[in-house]
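Source file start.txt; content: compact mmCIF, C-alpha atoms.
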```txt
# COMPACT_ATOMS: atom_id res chain seq x y z
CA MET I 16 2.16 -23.66 -26.72
CA ARG I 17 -0.93 -22.86 -24.68
CA ARG I 18 0.26 -25.12 -21.84
CA ILE I 19 3.64 -23.41 -21.81
CA LEU I 20 2.00 -19.97 -21.73
CA LEU I 21 -0.38 -21.00 -18.94
CA GLY I 22 2.46 -22.50 -16.93
CA SER I 23 4.51 -19.33 -17.33
CA ILE I 24 1.60 -17.18 -16.12
CA LEU I 25 1.08 -19.38 -13.04
CA PHE I 26 4.81 -19.36 -12.28
CA LEU I 27 5.02 -15.56 -12.53
CA TYR I 28 1.95 -15.21 -10.32
CA ALA I 29 3.43 -17.54 -7.70
CA ILE I 30 6.77 -15.76 -7.47
CA SER I 31 5.13 -12.32 -7.36
CA ALA I 32 2.62 -13.22 -4.59
CA GLU I 33 3.47 -13.00 -0.91
CA THR I 34 4.34 -16.51 0.33
CA TYR I 35 4.26 -17.74 3.94
CA TRP I 36 5.69 -21.05 5.14
CA VAL I 37 3.24 -22.74 7.53
CA ARG I 38 3.11 -25.96 9.54
CA TYR I 39 -0.61 -26.65 9.74
CA GLY I 40 -2.24 -25.76 6.40
CA TRP I 41 -3.05 -29.41 5.57
CA GLU I 42 -4.01 -30.71 9.02
CA ILE I 43 -7.36 -31.96 7.73
CA PHE I 44 -5.43 -34.89 6.26
CA THR I 45 -3.26 -35.62 9.32
CA ASN I 46 -6.22 -35.42 11.75
CA ALA I 47 -8.56 -37.55 9.62
CA GLY I 48 -9.24 -41.22 10.14
CA ASP I 49 -11.85 -43.86 10.90
CA GLY I 50 -12.64 -45.52 14.21
CA ARG I 51 -9.89 -48.12 13.82
CA SER I 52 -7.06 -45.83 12.72
CA LEU I 53 -7.88 -43.13 15.28
CA ALA I 54 -8.01 -45.67 18.12
CA LEU I 55 -4.52 -46.75 17.04
CA GLY I 56 -3.20 -43.19 17.06
CA ASN I 57 -3.25 -43.15 13.22
CA THR I 58 -0.17 -45.38 13.36
CA LEU I 59 -0.75 -46.98 9.97
CA THR I 60 2.29 -46.03 7.89
CA ALA I 61 3.25 -49.71 7.69
CA ALA I 62 -0.10 -51.39 8.46
CA GLY I 63 -3.06 -51.06 6.13
CA GLY I 64 -6.63 -52.24 6.25
CA GLY I 65 -9.64 -50.88 4.40
CA ALA I 66 -10.36 -48.10 1.94
CA ILE I 67 -8.98 -45.47 4.31
CA ALA I 68 -5.47 -46.99 4.50
CA PRO I 69 -3.98 -44.93 1.59
CA LEU I 70 -4.60 -41.77 3.63
CA PHE I 71 -1.62 -42.78 5.78
CA ASN I 72 0.48 -44.33 3.03
CA PRO I 73 -0.57 -44.23 -0.65
CA ALA I 74 1.24 -47.55 -1.16
CA HIS I 75 -1.55 -49.31 0.78
CA ASP I 76 -4.12 -51.18 -1.29
CA PRO I 77 -7.54 -49.47 -0.88
CA GLY I 78 -9.27 -52.76 -1.75
CA GLN I 79 -7.44 -54.79 0.88
CA SER I 80 -10.59 -55.22 2.97
CA SER I 81 -13.85 -56.70 1.71
CA HIS I 82 -15.63 -53.77 3.40
CA GLY I 83 -14.70 -51.40 0.60
CA LEU I 84 -16.89 -48.44 1.56
CA THR I 85 -16.18 -46.46 4.75
CA TYR I 86 -17.93 -43.52 6.41
CA ALA I 87 -16.52 -41.88 9.55
CA HIS I 88 -17.67 -39.03 11.77
CA GLN I 89 -15.54 -37.16 14.28
CA SER I 90 -16.58 -34.89 17.15
CA ARG I 91 -13.35 -33.45 18.49
CA PHE I 92 -12.53 -31.38 21.55
CA ALA I 93 -15.92 -31.70 23.27
CA GLY I 94 -17.84 -31.01 20.04
CA LEU I 95 -15.91 -27.89 18.98
CA ILE I 96 -14.84 -29.43 15.63
CA ASN I 97 -16.93 -31.85 13.56
CA SER I 98 -15.54 -33.81 10.64
CA ASP I 99 -16.79 -36.36 8.11
CA LEU I 100 -14.92 -38.81 5.90
CA GLY I 101 -15.91 -41.05 3.03
CA ALA I 102 -13.53 -43.60 1.46
CA PHE I 103 -13.94 -46.19 -1.27
CA SER I 104 -11.93 -47.88 -4.01
CA LEU I 105 -12.27 -48.01 -7.77
CA SER I 106 -10.65 -50.14 -10.49
CA ASN I 107 -9.74 -49.14 -14.02
CA SER I 108 -9.45 -51.36 -17.08
CA LEU I 109 -6.07 -52.66 -15.90
CA ARG I 110 -7.58 -53.62 -12.53
CA TRP I 111 -5.20 -51.44 -10.61
CA PRO I 112 -6.83 -50.17 -7.41
CA ILE I 113 -7.60 -46.47 -7.16
CA GLY I 114 -8.46 -45.09 -3.74
CA ILE I 115 -10.78 -42.12 -3.26
CA ILE I 116 -11.00 -40.28 0.08
CA ILE I 117 -13.34 -37.31 0.63
CA LEU I 118 -13.00 -35.13 3.74
CA HIS I 119 -15.08 -32.36 5.31
CA GLU I 120 -14.37 -30.39 8.48
CA GLY I 121 -16.27 -27.51 10.03
CA ILE I 122 -16.08 -25.12 12.98
CA SER I 123 -19.12 -22.95 13.66
CA ASN I 124 -19.77 -19.89 15.81
CA ILE I 125 -16.18 -18.62 15.94
CA ALA I 126 -16.29 -15.30 17.80
CA ASP I 127 -15.09 -12.29 15.77
CA THR I 128 -13.76 -9.68 18.20
CA ARG I 129 -11.73 -7.59 15.75
CA ASP I 130 -13.97 -4.49 15.92
CA ILE I 131 -15.14 -4.42 19.52
CA LEU I 132 -12.41 -2.15 20.96
CA LEU I 133 -13.59 1.41 21.55
CA ASP I 134 -10.14 2.86 20.95
CA PHE I 135 -10.89 6.41 22.16
CA GLY I 136 -7.84 6.94 24.37
CA GLU I 137 -7.56 7.52 28.09
CA ASP I 138 -10.31 10.15 28.22
CA GLY I 139 -12.82 7.77 26.64
CA GLN I 140 -13.93 10.36 24.08
CA PRO I 141 -13.50 9.88 20.31
CA GLY I 142 -11.66 12.40 18.16
CA THR I 143 -9.77 14.19 20.93
CA GLY I 144 -6.34 12.87 19.92
CA ASP I 145 -5.35 12.10 23.50
CA SER I 146 -2.81 9.48 24.58
CA GLY I 147 -3.70 5.93 23.48
CA GLU I 148 -6.36 6.86 20.93
CA GLY I 149 -6.20 4.67 17.82
CA ASP I 150 -3.21 2.58 18.98
CA GLY I 151 -5.14 -0.73 18.93
CA ILE I 152 -4.39 -1.42 22.60
CA LEU I 153 -6.89 -1.62 25.47
CA ASN I 154 -5.72 1.27 27.64
CA ASP I 155 -7.07 2.77 30.87
CA GLY I 156 -10.32 4.59 30.13
CA GLU I 157 -11.14 2.39 27.11
CA ARG I 158 -13.58 -0.50 26.97
CA LEU I 159 -14.87 -3.31 24.78
CA ASP I 160 -18.29 -3.10 23.14
CA GLU I 161 -19.65 -6.65 23.45
CA SER I 162 -22.62 -5.80 21.24
CA LYS I 163 -20.25 -5.69 18.25
CA ILE I 164 -19.16 -9.31 18.68
CA THR I 165 -20.12 -11.35 15.60
CA SER I 166 -19.38 -14.91 14.53
CA PHE I 167 -18.10 -16.70 11.43
CA LYS I 168 -17.48 -20.24 10.19
CA HIS I 169 -14.52 -22.21 8.98
CA ARG I 170 -15.10 -24.98 6.45
CA GLN I 171 -12.67 -27.30 4.70
CA VAL I 172 -13.42 -29.75 1.89
CA ALA I 173 -10.67 -32.06 0.64
CA LEU I 174 -10.20 -34.89 -1.83
CA MET I 175 -7.40 -37.43 -2.20
CA ALA I 176 -6.95 -39.94 -5.02
CA THR I 177 -4.30 -42.68 -4.70
CA LYS I 178 -2.83 -45.39 -6.86
CA ASN I 179 -0.31 -48.11 -6.02
CA TRP I 180 1.89 -50.62 -7.83
CA THR I 181 3.38 -53.93 -6.64
CA MET I 182 6.87 -55.17 -7.48
CA GLY I 183 7.63 -58.37 -5.62
CA ASN I 184 7.80 -57.59 -1.90
CA LEU I 185 7.71 -53.86 -2.61
CA LYS I 186 4.70 -51.58 -3.07
CA PHE I 187 4.82 -48.00 -4.30
CA GLY I 188 2.03 -45.46 -4.22
CA VAL I 189 1.17 -41.90 -5.20
CA GLY I 190 -1.56 -39.73 -3.72
CA VAL I 191 -2.79 -36.47 -5.27
CA LYS I 192 -4.76 -34.26 -2.89
CA GLY I 193 -6.76 -31.07 -3.19
CA LEU I 194 -8.09 -28.73 -0.50
CA HIS I 195 -10.56 -25.84 -0.37
CA HIS I 196 -10.82 -23.47 2.63
CA SER I 197 -13.70 -21.16 3.50
CA LEU I 198 -12.74 -18.94 6.43
CA GLY I 199 -15.40 -16.30 7.00
CA GLU I 200 -15.44 -14.36 3.74
CA SER I 201 -11.97 -15.56 2.69
CA LEU I 202 -11.44 -18.43 0.27
CA GLY I 203 -8.35 -20.52 -0.44
CA SER I 204 -7.56 -23.60 -2.54
CA GLY I 205 -4.51 -25.80 -2.91
CA ILE I 206 -3.07 -29.01 -4.26
CA GLY I 207 -0.41 -31.40 -2.96
CA LEU I 208 1.31 -34.72 -3.58
CA ASN I 209 2.18 -37.64 -1.29
CA VAL I 210 4.33 -40.68 -2.13
CA GLY I 211 4.83 -43.90 -0.19
CA MET I 212 6.51 -47.29 -0.10
CA LEU I 213 5.90 -50.59 1.70
CA ILE I 214 8.32 -53.46 2.27
CA ASN I 215 6.94 -56.86 3.33
CA SER I 216 10.20 -58.55 4.20
CA TRP I 217 9.33 -61.05 6.94
CA LYS I 218 6.35 -63.05 8.14
CA GLY I 219 3.68 -60.79 9.57
CA GLY I 220 5.94 -57.75 9.48
CA SER I 221 6.33 -54.75 7.22
CA ILE I 222 8.11 -51.41 7.00
CA GLY I 223 6.48 -48.30 5.54
CA PHE I 224 7.74 -44.93 4.40
CA THR I 225 5.79 -41.85 3.31
CA LEU I 226 6.75 -38.38 2.16
CA SER I 227 3.91 -35.87 2.39
CA ASP I 228 3.73 -32.59 0.46
CA VAL I 229 6.58 -33.69 -1.79
CA THR I 230 6.37 -30.57 -3.94
CA SER I 231 5.86 -28.15 -1.01
CA SER I 232 2.06 -28.07 -1.18
CA TRP I 233 0.53 -24.61 -1.67
CA ILE I 234 -2.74 -22.98 -0.65
CA VAL I 235 -3.58 -19.86 -2.67
CA TRP I 236 -5.94 -17.39 -0.96
CA ASP I 237 -8.24 -14.91 -2.68
CA ASN I 238 -6.22 -11.96 -1.32
CA GLY I 239 -3.20 -13.15 -3.33
CA SER I 240 -1.19 -14.61 -0.44
CA ILE I 241 0.18 -18.16 -0.61
CA GLU I 242 0.68 -20.62 2.26
CA ALA I 243 3.37 -23.21 1.54
CA SER I 244 3.92 -26.42 3.52
CA ALA I 245 7.32 -28.12 3.61
CA PRO I 246 7.60 -31.89 3.02
CA GLN I 247 7.31 -34.19 6.02
CA ALA I 248 8.41 -37.81 6.35
CA ALA I 249 7.04 -40.78 8.27
CA ILE I 250 8.73 -44.12 8.91
CA GLY I 251 6.69 -46.98 10.34
CA ILE I 252 6.95 -50.61 11.32
CA SER I 253 4.24 -53.18 12.02
CA GLN I 254 4.15 -56.75 13.29
CA MET I 255 1.17 -59.10 13.32
CA ILE I 256 1.31 -62.03 15.75
CA ALA I 257 -1.17 -64.92 15.43
CA PHE I 258 -1.62 -67.64 18.07
CA SER I 259 -2.27 -71.09 16.61
CA LYS I 260 -3.89 -72.48 19.78
CA PHE I 261 -6.15 -69.50 20.41
CA PRO I 262 -8.44 -67.48 18.08
CA VAL I 263 -6.51 -64.34 18.92
CA SER I 264 -4.11 -62.13 16.95
CA VAL I 265 -2.15 -59.10 18.06
CA GLY I 266 -0.87 -56.20 15.97
CA VAL I 267 1.89 -53.86 17.14
CA PHE I 268 2.53 -50.62 15.22
CA ALA I 269 4.97 -47.72 15.63
CA ASP I 270 5.67 -44.57 13.58
CA ALA I 271 8.29 -41.82 13.67
CA LEU I 272 7.23 -38.56 12.03
CA VAL I 273 10.00 -36.19 10.95
CA ASP I 274 9.28 -32.48 10.42
CA PRO I 275 12.28 -30.76 8.78
CA SER I 276 10.70 -27.30 9.04
CA GLY I 277 12.03 -26.82 12.55
CA MET I 278 11.93 -27.99 16.16
CA THR I 279 9.21 -27.32 18.74
CA PRO I 280 9.14 -27.83 22.52
CA GLU I 281 6.53 -30.59 22.04
CA ASP I 282 8.83 -32.82 19.93
CA ASP I 283 9.66 -36.22 21.40
CA PHE I 284 13.25 -35.61 20.28
CA GLN I 285 15.28 -33.77 17.62
CA ILE I 286 17.76 -34.88 14.98
CA LEU I 287 20.57 -32.90 13.38
CA ASP I 288 19.55 -29.91 15.56
CA LYS I 289 17.11 -28.92 12.82
CA ALA I 290 14.23 -31.40 12.60
CA GLY I 291 11.67 -32.43 15.17
CA VAL I 292 10.53 -36.04 15.56
CA ASP I 293 7.18 -37.17 16.98
CA LEU I 294 6.39 -40.76 17.90
CA ARG I 295 3.06 -42.54 17.75
CA TRP I 296 2.13 -46.14 18.45
CA GLY I 297 -0.81 -48.53 18.35
CA LEU I 298 -1.76 -51.93 19.76
CA GLU I 299 -4.65 -54.04 18.44
CA THR I 300 -5.99 -57.34 19.78
CA VAL I 301 -8.49 -59.22 17.57
CA VAL I 302 -10.59 -62.08 18.97
CA LYS I 303 -12.14 -64.59 16.53
CA GLU I 304 -11.70 -61.99 13.78
CA LYS I 305 -14.86 -60.35 15.13
CA ILE I 306 -14.00 -58.21 18.15
CA SER I 307 -11.08 -55.78 18.24
CA VAL I 308 -9.70 -53.89 21.24
CA ARG I 309 -7.31 -51.03 20.48
CA LEU I 310 -4.96 -48.64 22.25
CA GLY I 311 -2.68 -45.92 20.91
CA ARG I 312 -0.88 -42.61 21.19
CA ASN I 313 -0.98 -40.06 18.37
CA ARG I 314 1.41 -37.31 17.31
CA SER I 315 -0.42 -34.78 19.52
CA LYS I 316 0.66 -36.78 22.60
CA ALA I 317 -2.96 -37.76 23.21
CA TYR I 318 -3.82 -41.33 24.24
CA THR I 319 -6.50 -43.20 22.33
CA ALA I 320 -8.59 -46.33 22.73
CA GLY I 321 -11.41 -48.01 20.89
CA LEU I 322 -13.51 -51.04 20.07
CA GLY I 323 -14.39 -52.67 16.75
CA LEU I 324 -17.14 -55.15 15.81
CA ASP I 325 -16.85 -56.97 12.49
CA TRP I 326 -19.59 -58.88 10.69
CA GLU I 327 -19.44 -60.50 7.29
CA GLN I 328 -21.18 -57.63 5.51
CA PHE I 329 -20.23 -54.59 7.58
CA SER I 330 -18.26 -53.37 10.59
CA ILE I 331 -18.58 -50.66 13.24
CA ASP I 332 -15.60 -48.99 14.94
CA TYR I 333 -15.54 -46.55 17.85
CA ALA I 334 -12.63 -44.57 19.29
CA PHE I 335 -12.05 -41.85 21.84
CA GLN I 336 -9.10 -39.59 22.47
CA THR I 337 -7.96 -37.82 25.61
CA ALA I 338 -7.08 -34.14 25.46
CA PRO I 339 -3.67 -33.51 23.83
CA GLY I 340 -0.78 -33.16 26.26
CA GLY I 341 -0.79 -29.87 28.15
CA SER I 342 -4.26 -28.80 26.98
CA ALA I 343 -7.80 -28.74 28.37
CA LEU I 344 -9.63 -29.23 25.07
CA GLY I 345 -11.72 -32.16 26.28
CA ILE I 346 -12.29 -35.71 25.10
CA SER I 347 -12.91 -36.42 21.42
CA HIS I 348 -15.20 -39.17 20.08
CA TYR I 349 -15.13 -40.98 16.74
CA ILE I 350 -17.37 -43.53 15.05
CA SER I 351 -17.18 -45.14 11.61
CA PHE I 352 -19.04 -47.69 9.51
CA SER I 353 -17.62 -49.89 6.77
CA VAL I 354 -19.71 -51.99 4.43
CA ARG I 355 -19.41 -54.17 1.34
CA PRO I 356 -20.66 -52.17 -1.68
CA ASP I 357 -22.01 -55.29 -3.42
CA TRP I 358 -24.13 -56.04 -0.35
CA ILE I 359 -25.67 -52.56 -0.58
CA MET I 360 -26.41 -53.12 -4.26
CA GLU I 361 -28.03 -56.49 -3.51
CA LYS I 362 -30.25 -54.92 -0.84
CA ALA I 363 -31.18 -52.04 -3.14
CA LYS I 364 -32.18 -54.43 -5.93
CA SER I 365 -34.29 -56.52 -3.56
CA ILE I 366 -36.15 -53.40 -2.40
CA LEU I 367 -36.70 -52.11 -5.92
```

As structure tokens, how would this structure be written, given the file I've shared?
Amino acid sequence: MRRILLGSILFLYAISAETYWVRYGWEIFTNAGDGRSLALGNTLTAAGGGAIAPLFNPAHDPGQSSHGLTYAHQSRFAGLINSDLGAFSLSNSLRWPIGIIILHEGISNIADTRDILLDFGEDGQPGTGDSGEGDGILNDGERLDESKITSFKHRQVALMATKNWTMGNLKFGVGVKGLHHSLGESLGSGIGLNVGMLINSWKGGSIGFTLSDVTSSWIVWDNGSIEASAPQAAIGISQMIAFSKFPVSVGVFADALVDPSGMTPEDDFQILDKAGVDLRWGLETVVKEKISVRLGRNRSKAYTAGLGLDWEQFSIDYAFQTAPGGSALGISHYISFSVRPDWIMEKAKSIL
């Protein structure tokens, strides 16, 4: 009875609050990644690898790689945005893998110019009631008071937990995600759900499908407003090619991301005159299973590249991204480390 009452209260609150449909409320998840995934344009809907893989498709196994603990740092747009990621896998009593991904993103020193307009009208004197006074527009005779410029911060903290199941050549996965915003003095929190599927139907190849924000993920702000995000779909394909005579393998990946909330001029193409489609791709060459060279293009139309070094106990991956198409935001840099948790425990025991 208590659950029914609580659910009714939440439902009534939701329908009575002012709701806005937005495109970018959950971008911390779509922009996140480690050095490998970001160098490949985050084109991993059909290709996994490591504890971070369920971020792109919850059907991926978070324990697929022996390096089960990953930390990644991003410095995007010439240092304007800094992000951190931690990913690892757990197992319950049934030995089903559970993936945990923790995200943090911050922007500091955002200029607040809301109160710097001296809106006194054309005569430049307050309280005279002349033309332009109090209209919120910079008119002739008015000026900006730069001494009133202040700054604020934007912080986001997010968590995603995933679980997958295997049925023959099919894998299914579910990811539950939570998000907390701190924008100046404003606070907002939300929850969402992703689902995914993988099909391994031929040698070295697979097809992946994800549906993000299945239940129209919401962010509830402390002023009572709600930001809702419509579901988005991604369809991917991957192919791994190994050469028997050479210690080299090549991976080719491609994704199509479908946004049914409407078309934009930046879409690669549109379908049904209602939905926009963005394409991303990645190419990875691995030599002796130790050195990886990567290229890609992400959904922002930015080109990416990177290098990976893999040892038995840990790996290091680096990536950089050009400025998104049509912008001058600068180059972004990414670095990540992955390590075997049991190796860390062994080292800790030897020290202690």

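Shortest separation to Thr60 in chain I among I:His119, I:Arg295, I:Lys316, I:Lys305 occurs at residue I:Arg295, atoms counted being all atoms listed in the file.
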
Exercise: Val235 in chain I partners within 12 Å, only C-alpha atoms, chain neighbours under 5 positions left out, as a PyMOL selection string = chain I and resi 25+28-29+32-35+40+193-197+201-207+240-244

Who sits within 8 Å of range 247-260 of chain I, only C-alpha atoms, same chain under 5 positions skipped, as a PyMOL selection string | chain I and resi 58-62+219-229+265-275

What is the distance, in Å and to one decimal place, between CA of His88 in chain I and CA of Ala68 in chain I?
-> 16.3 Å

Shell around Pro112 in chain I at 7 Å using only C-alpha atoms, local window under 2 positions removed, as a count of residues only | 10

Gly211 in chain I environment, 6 Å, all atoms listed in the file, sequence neighbours closer than 3 positions dropped, as a list in words | Asn72, Pro73, Ala74, Phe187, Gly188, Phe224 and Thr225 of chain I

For the residues in that selection, give me C-alpha atoms as a JSON list (two decimals), in the frame of the given file.
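Okay, selection.json is ready:
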```json
[["chain", "number", "residue", "atom", "x", "y", "z"],
["I", 72, "ASN", "CA", 0.48, -44.33, 3.03],
["I", 73, "PRO", "CA", -0.57, -44.23, -0.65],
["I", 74, "ALA", "CA", 1.24, -47.55, -1.16],
["I", 187, "PHE", "CA", 4.82, -48.00, -4.30],
["I", 188, "GLY", "CA", 2.03, -45.46, -4.22],
["I", 224, "PHE", "CA", 7.74, -44.93, 4.40],
["I", 225, "THR", "CA", 5.79, -41.85, 3.31]]
```

Need the axis-aligned box for range 113-118 of chain I with 8 Å each side, so what are the centre and edges in Å to one decimal, as JSON?
```
{"center_x": -10.5, "center_y": -40.8, "center_z": -1.7, "size_x": 21.7, "size_y": 27.3, "size_z": 26.9}
```

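Closest approach to Ala173 in chain I among I:Ala54, I:Val301, I:Ala102, I:Leu310 is made by I:Ala102 (distances from only C-alpha atoms).
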
Gap from CA of Ser166 in chain I to CA of Leu132 in chain I - Å, one decimal = 15.9 Å
